[in-house]
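Trainee: Next up, start_17.txt (compact mmCIF, C-alpha atoms (C1' of nucleotides)).
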```
# COMPACT_ATOMS: atom_id res chain seq x y z
CA MET A 1085 0.00 0.00 0.00
CA ILE A 1086 2.67 2.43 1.01
CA TRP A 1087 4.55 1.81 -2.19
CA GLN A 1088 1.37 2.36 -4.16
CA VAL A 1089 0.64 5.70 -2.54
CA LEU A 1090 4.28 6.62 -2.84
CA ALA A 1091 4.20 5.92 -6.57
CA SER A 1092 1.11 8.10 -6.94
CA ILE A 1093 2.86 11.21 -5.70
CA PRO A 1094 3.16 13.59 -8.67
CA GLN A 1095 6.62 14.63 -9.73
CA GLY A 1096 7.65 17.94 -8.27
CA LYS A 1097 5.41 17.51 -5.24
CA VAL A 1098 5.97 16.31 -1.71
CA THR A 1099 3.93 14.86 1.12
CA ALA A 1100 4.42 13.85 4.74
CA TYR A 1101 4.88 10.45 6.32
CA GLY A 1102 1.73 10.79 8.33
CA GLN A 1103 -0.20 11.81 5.24
CA ILE A 1104 0.92 8.74 3.34
CA ALA A 1105 0.03 6.56 6.27
CA LYS A 1106 -3.40 8.13 6.38
CA LEU A 1107 -3.91 7.70 2.65
CA CYS A 1108 -2.97 4.06 3.04
CA GLY A 1109 -5.70 3.75 5.59
CA TYR A 1110 -3.33 3.66 8.55
CA PRO A 1111 -3.46 6.99 10.34
CA GLY A 1112 -0.79 7.17 12.99
CA TYR A 1113 1.56 4.93 11.09
CA ALA A 1114 3.90 7.75 10.14
CA ARG A 1115 6.85 6.00 11.70
CA TYR A 1116 5.93 2.81 9.92
CA VAL A 1117 6.09 4.68 6.62
CA GLY A 1118 9.56 5.89 7.50
CA HIS A 1119 10.54 2.37 8.41
CA THR A 1120 9.25 1.15 5.06
CA LEU A 1121 11.06 3.80 3.05
CA LYS A 1122 14.22 2.88 4.87
CA GLN A 1123 13.82 -0.64 3.54
CA LEU A 1124 13.46 0.45 -0.09
CA PRO A 1125 16.24 -0.79 -2.35
CA HIS A 1126 18.70 1.85 -3.48
CA GLY A 1127 17.76 1.45 -7.11
CA THR A 1128 14.04 1.69 -6.50
CA SER A 1129 11.96 3.67 -8.96
CA LEU A 1130 9.68 4.83 -6.15
CA PRO A 1131 9.89 8.55 -5.38
CA TRP A 1132 10.88 8.14 -1.73
CA HIS A 1133 12.51 11.57 -1.85
CA ARG A 1134 9.09 13.18 -2.17
CA VAL A 1135 8.34 12.15 1.36
CA ILE A 1136 9.20 14.67 4.04
CA ASN A 1137 8.08 15.25 7.61
CA ALA A 1138 5.19 17.37 8.83
CA LYS A 1139 7.56 20.27 9.44
CA GLY A 1140 8.15 20.56 5.73
CA GLN A 1141 11.73 19.48 6.01
CA ILE A 1142 13.78 16.44 5.09
CA SER A 1143 13.89 14.01 7.98
CA PHE A 1144 17.65 13.60 7.83
CA PRO A 1145 20.31 15.57 9.64
CA VAL A 1146 21.15 18.64 7.59
CA GLY A 1147 24.39 18.09 5.74
CA SER A 1148 24.17 14.31 5.94
CA ASP A 1149 24.69 12.32 2.78
CA ALA A 1150 21.09 11.15 2.67
CA TYR A 1151 19.87 14.68 3.26
CA GLN A 1152 21.80 16.13 0.36
CA MET A 1153 20.81 13.30 -1.95
CA GLN A 1154 17.12 13.72 -1.19
CA ARG A 1155 17.29 17.48 -1.49
CA ARG A 1156 19.12 17.32 -4.79
CA ARG A 1157 16.51 14.95 -6.21
CA LEU A 1158 13.68 17.23 -5.12
CA GLU A 1159 15.34 20.28 -6.59
CA GLN A 1160 15.79 18.38 -9.84
CA GLU A 1161 12.04 17.96 -9.94
CA GLY A 1162 11.55 21.64 -9.45
CA VAL A 1163 10.92 21.72 -5.72
CA VAL A 1164 12.18 24.92 -4.18
CA PHE A 1165 13.74 25.08 -0.74
CA GLU A 1166 13.63 27.97 1.66
CA GLY A 1167 16.66 27.27 3.74
CA GLU A 1168 16.07 23.76 5.01
CA LYS A 1169 12.33 23.91 4.54
CA ILE A 1170 10.35 23.21 1.40
CA ARG A 1171 7.82 25.66 0.03
CA LEU A 1172 4.89 23.47 1.00
CA LYS A 1173 2.56 26.27 -0.06
CA HIS A 1174 3.16 25.32 -3.64
CA TYR A 1175 4.72 21.87 -3.61
CA GLN A 1176 2.75 19.89 -1.06
CA TRP A 1177 0.80 17.15 -2.79
CA ASN A 1178 -2.17 16.67 -0.52
CA GLY A 1179 -2.26 19.04 2.42
CA ILE A 1180 0.43 18.14 4.87
CA SER A 1181 -0.95 17.94 8.39
CA SER A 1182 -1.17 21.37 9.90
CA ASP A 1183 2.08 22.71 11.26
CA SER A 1184 4.48 24.68 9.06
CA ALA A 1185 1.92 27.48 8.72
CA PRO A 1186 2.98 28.62 5.27
CA ASP A 1187 2.78 32.26 4.37
CA ASN A 1188 4.04 34.50 1.53
C1' DG B 339 7.20 -9.52 28.45
C1' DT B 340 9.61 -4.98 29.35
C1' DT B 341 12.71 -1.38 27.39
C1' DG B 342 14.77 1.37 23.94
C1' DT B 343 14.90 3.34 19.30
C1' DG B 344 13.34 5.33 14.92
C1' DA B 345 13.32 8.73 7.51
C1' DC B 346 6.85 10.85 12.80
C1' DT B 347 3.09 14.21 14.91
C1' DA B 348 0.64 17.11 17.95
C1' DC B 349 0.32 19.84 21.94
C1' DC B 350 2.11 22.90 25.57
C1' DA B 351 5.41 26.16 27.56
C1' DA C 1441 8.76 30.74 16.01
C1' DT C 1442 11.52 27.39 18.90
C1' DG C 1443 12.26 23.65 22.29
C1' DG C 1444 10.65 19.99 25.20
C1' DT C 1445 7.31 16.27 26.19
C1' DA C 1446 3.84 12.80 25.29
C1' DG C 1447 1.47 9.72 21.92
C1' DC C 1448 1.94 6.87 18.18
C1' DC C 1449 3.20 1.89 16.00
C1' DA C 1450 6.44 -1.74 14.66
C1' DC C 1451 10.82 -4.05 15.56
C1' DA C 1452 15.08 -5.64 17.96
C1' DA C 1453 17.51 -6.79 22.19
```
Represent the structure contained in this file as structure tokens.
Mentor:
Amino acid sequence: MIWQVLASIPQGKVTAYGQIAKLCGYPGYARYVGHTLKQLPHGTSLPWHRVINAKGQISFPVGSDAYQMQRRRLEQEGVVFEGEKIRLKHYQWNGISSDSAPDN
DNA sequence: GTTGTGACTACCA
DNA sequence: ATGGTAGCCACAA
């Protein structure tokens, strides 16, 4: 299920772990989603990089290898970053939770 | 079976 | 807006 929802995320858009879990019919399974993405093979065609946390940021330590890789992939798809945060206002796929209070 | 940890969230200070 | 705490669920020790 998670893979299916993951694959349905449009290019150039992002969503949150909790949102995916909810869409899969498992609200509250945000951590499970993260656990699943962690298990994805490196060569997977699934857009795991389009999954971020509810804060609108990448869930990896800033500067870490994984962080930079995910960020680069997102930017390649046209996603714009504001510092470490993503412009959810324009790039969130299906409303991400609540926090992040976008402005502009 | 209890305890600790993790690519998470929400609420409160 | 930022930082700390509690809830959340699955998995490993």
Trainee: Could you work out which residues of chain A fall inside 12 Å of chain C? Count only C-alpha atoms (C1' of nucleotides), and format the result as a CSV table (one decimal) with C-alpha atoms, in the frame of the given file.
Mentor:
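Produced file selection_0.csv, reproduced below:
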```
chain,number,residue,atom,x,y,z
A,1102,GLY,CA,1.7,10.8,8.3
A,1105,ALA,CA,0.0,6.6,6.3
A,1110,TYR,CA,-3.3,3.7,8.6
A,1111,PRO,CA,-3.5,7.0,10.3
A,1112,GLY,CA,-0.8,7.2,13.0
A,1113,TYR,CA,1.6,4.9,11.1
A,1114,ALA,CA,3.9,7.8,10.1
A,1115,ARG,CA,6.8,6.0,11.7
A,1116,TYR,CA,5.9,2.8,9.9
A,1117,VAL,CA,6.1,4.7,6.6
A,1118,GLY,CA,9.6,5.9,7.5
A,1119,HIS,CA,10.5,2.4,8.4
A,1120,THR,CA,9.2,1.2,5.1
A,1183,ASP,CA,2.1,22.7,11.3
A,1184,SER,CA,4.5,24.7,9.1
A,1185,ALA,CA,1.9,27.5,8.7
```
Trainee: What are the closest atom pairs, with distances in Å to one decimal, for each residue of chain B lying within 9 Å of chain A, using all atoms listed in the file, rows by chain and rising residue number, as JSON lines?
Mentor:
```
{"residue": "B:DG344", "atom": "C1'", "partner": "A:Arg1115", "partner_atom": "CA", "distance": 7.3}
{"residue": "B:DA345", "atom": "C1'", "partner": "A:Gly1118", "partner_atom": "CA", "distance": 4.7}
{"residue": "B:DC346", "atom": "C1'", "partner": "A:Arg1115", "partner_atom": "CA", "distance": 5.0}
{"residue": "B:DT347", "atom": "C1'", "partner": "A:Ala1138", "partner_atom": "CA", "distance": 7.2}
{"residue": "B:DA348", "atom": "C1'", "partner": "A:Asp1183", "partner_atom": "CA", "distance": 8.8}
```
Trainee: If I take atom CA of Val1163 of chain A and atom CA of Pro1094 of chain A, how far is one from the other in Å, to one decimal?
Mentor: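 That distance, rounded to one decimal, is 11.6 Å.
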Trainee: Tell me, in Å to one decimal, how far atom CA of Gln1123 of chain A is from atom CA of Thr1099 of chain A.
Mentor: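 Calculated distance between atom CA of Gln1123 of chain A and atom CA of Thr1099 of chain A is 18.5 Å.
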Trainee: What separation in Å, quoted to one decimal, exists between atom CA of Gly1167 of chain A and atom CA of Ser1129 of chain A?
Mentor: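 One can read the atom CA of Gly1167 of chain A to atom CA of Ser1129 of chain A distance as 27.2 Å.
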Trainee: Take every atom of segment 1441-1451 of chain C listed in the file, fit an axis-aligned box around them, add 5 Å per side, and give the centre and edge lengths in Å to one decimal as lines of an AutoDock Vina configuration file.
Mentor:
```
center_x = 6.9
center_y = 13.3
center_z = 20.4
size_x = 20.8
size_y = 44.8
size_z = 21.5
```
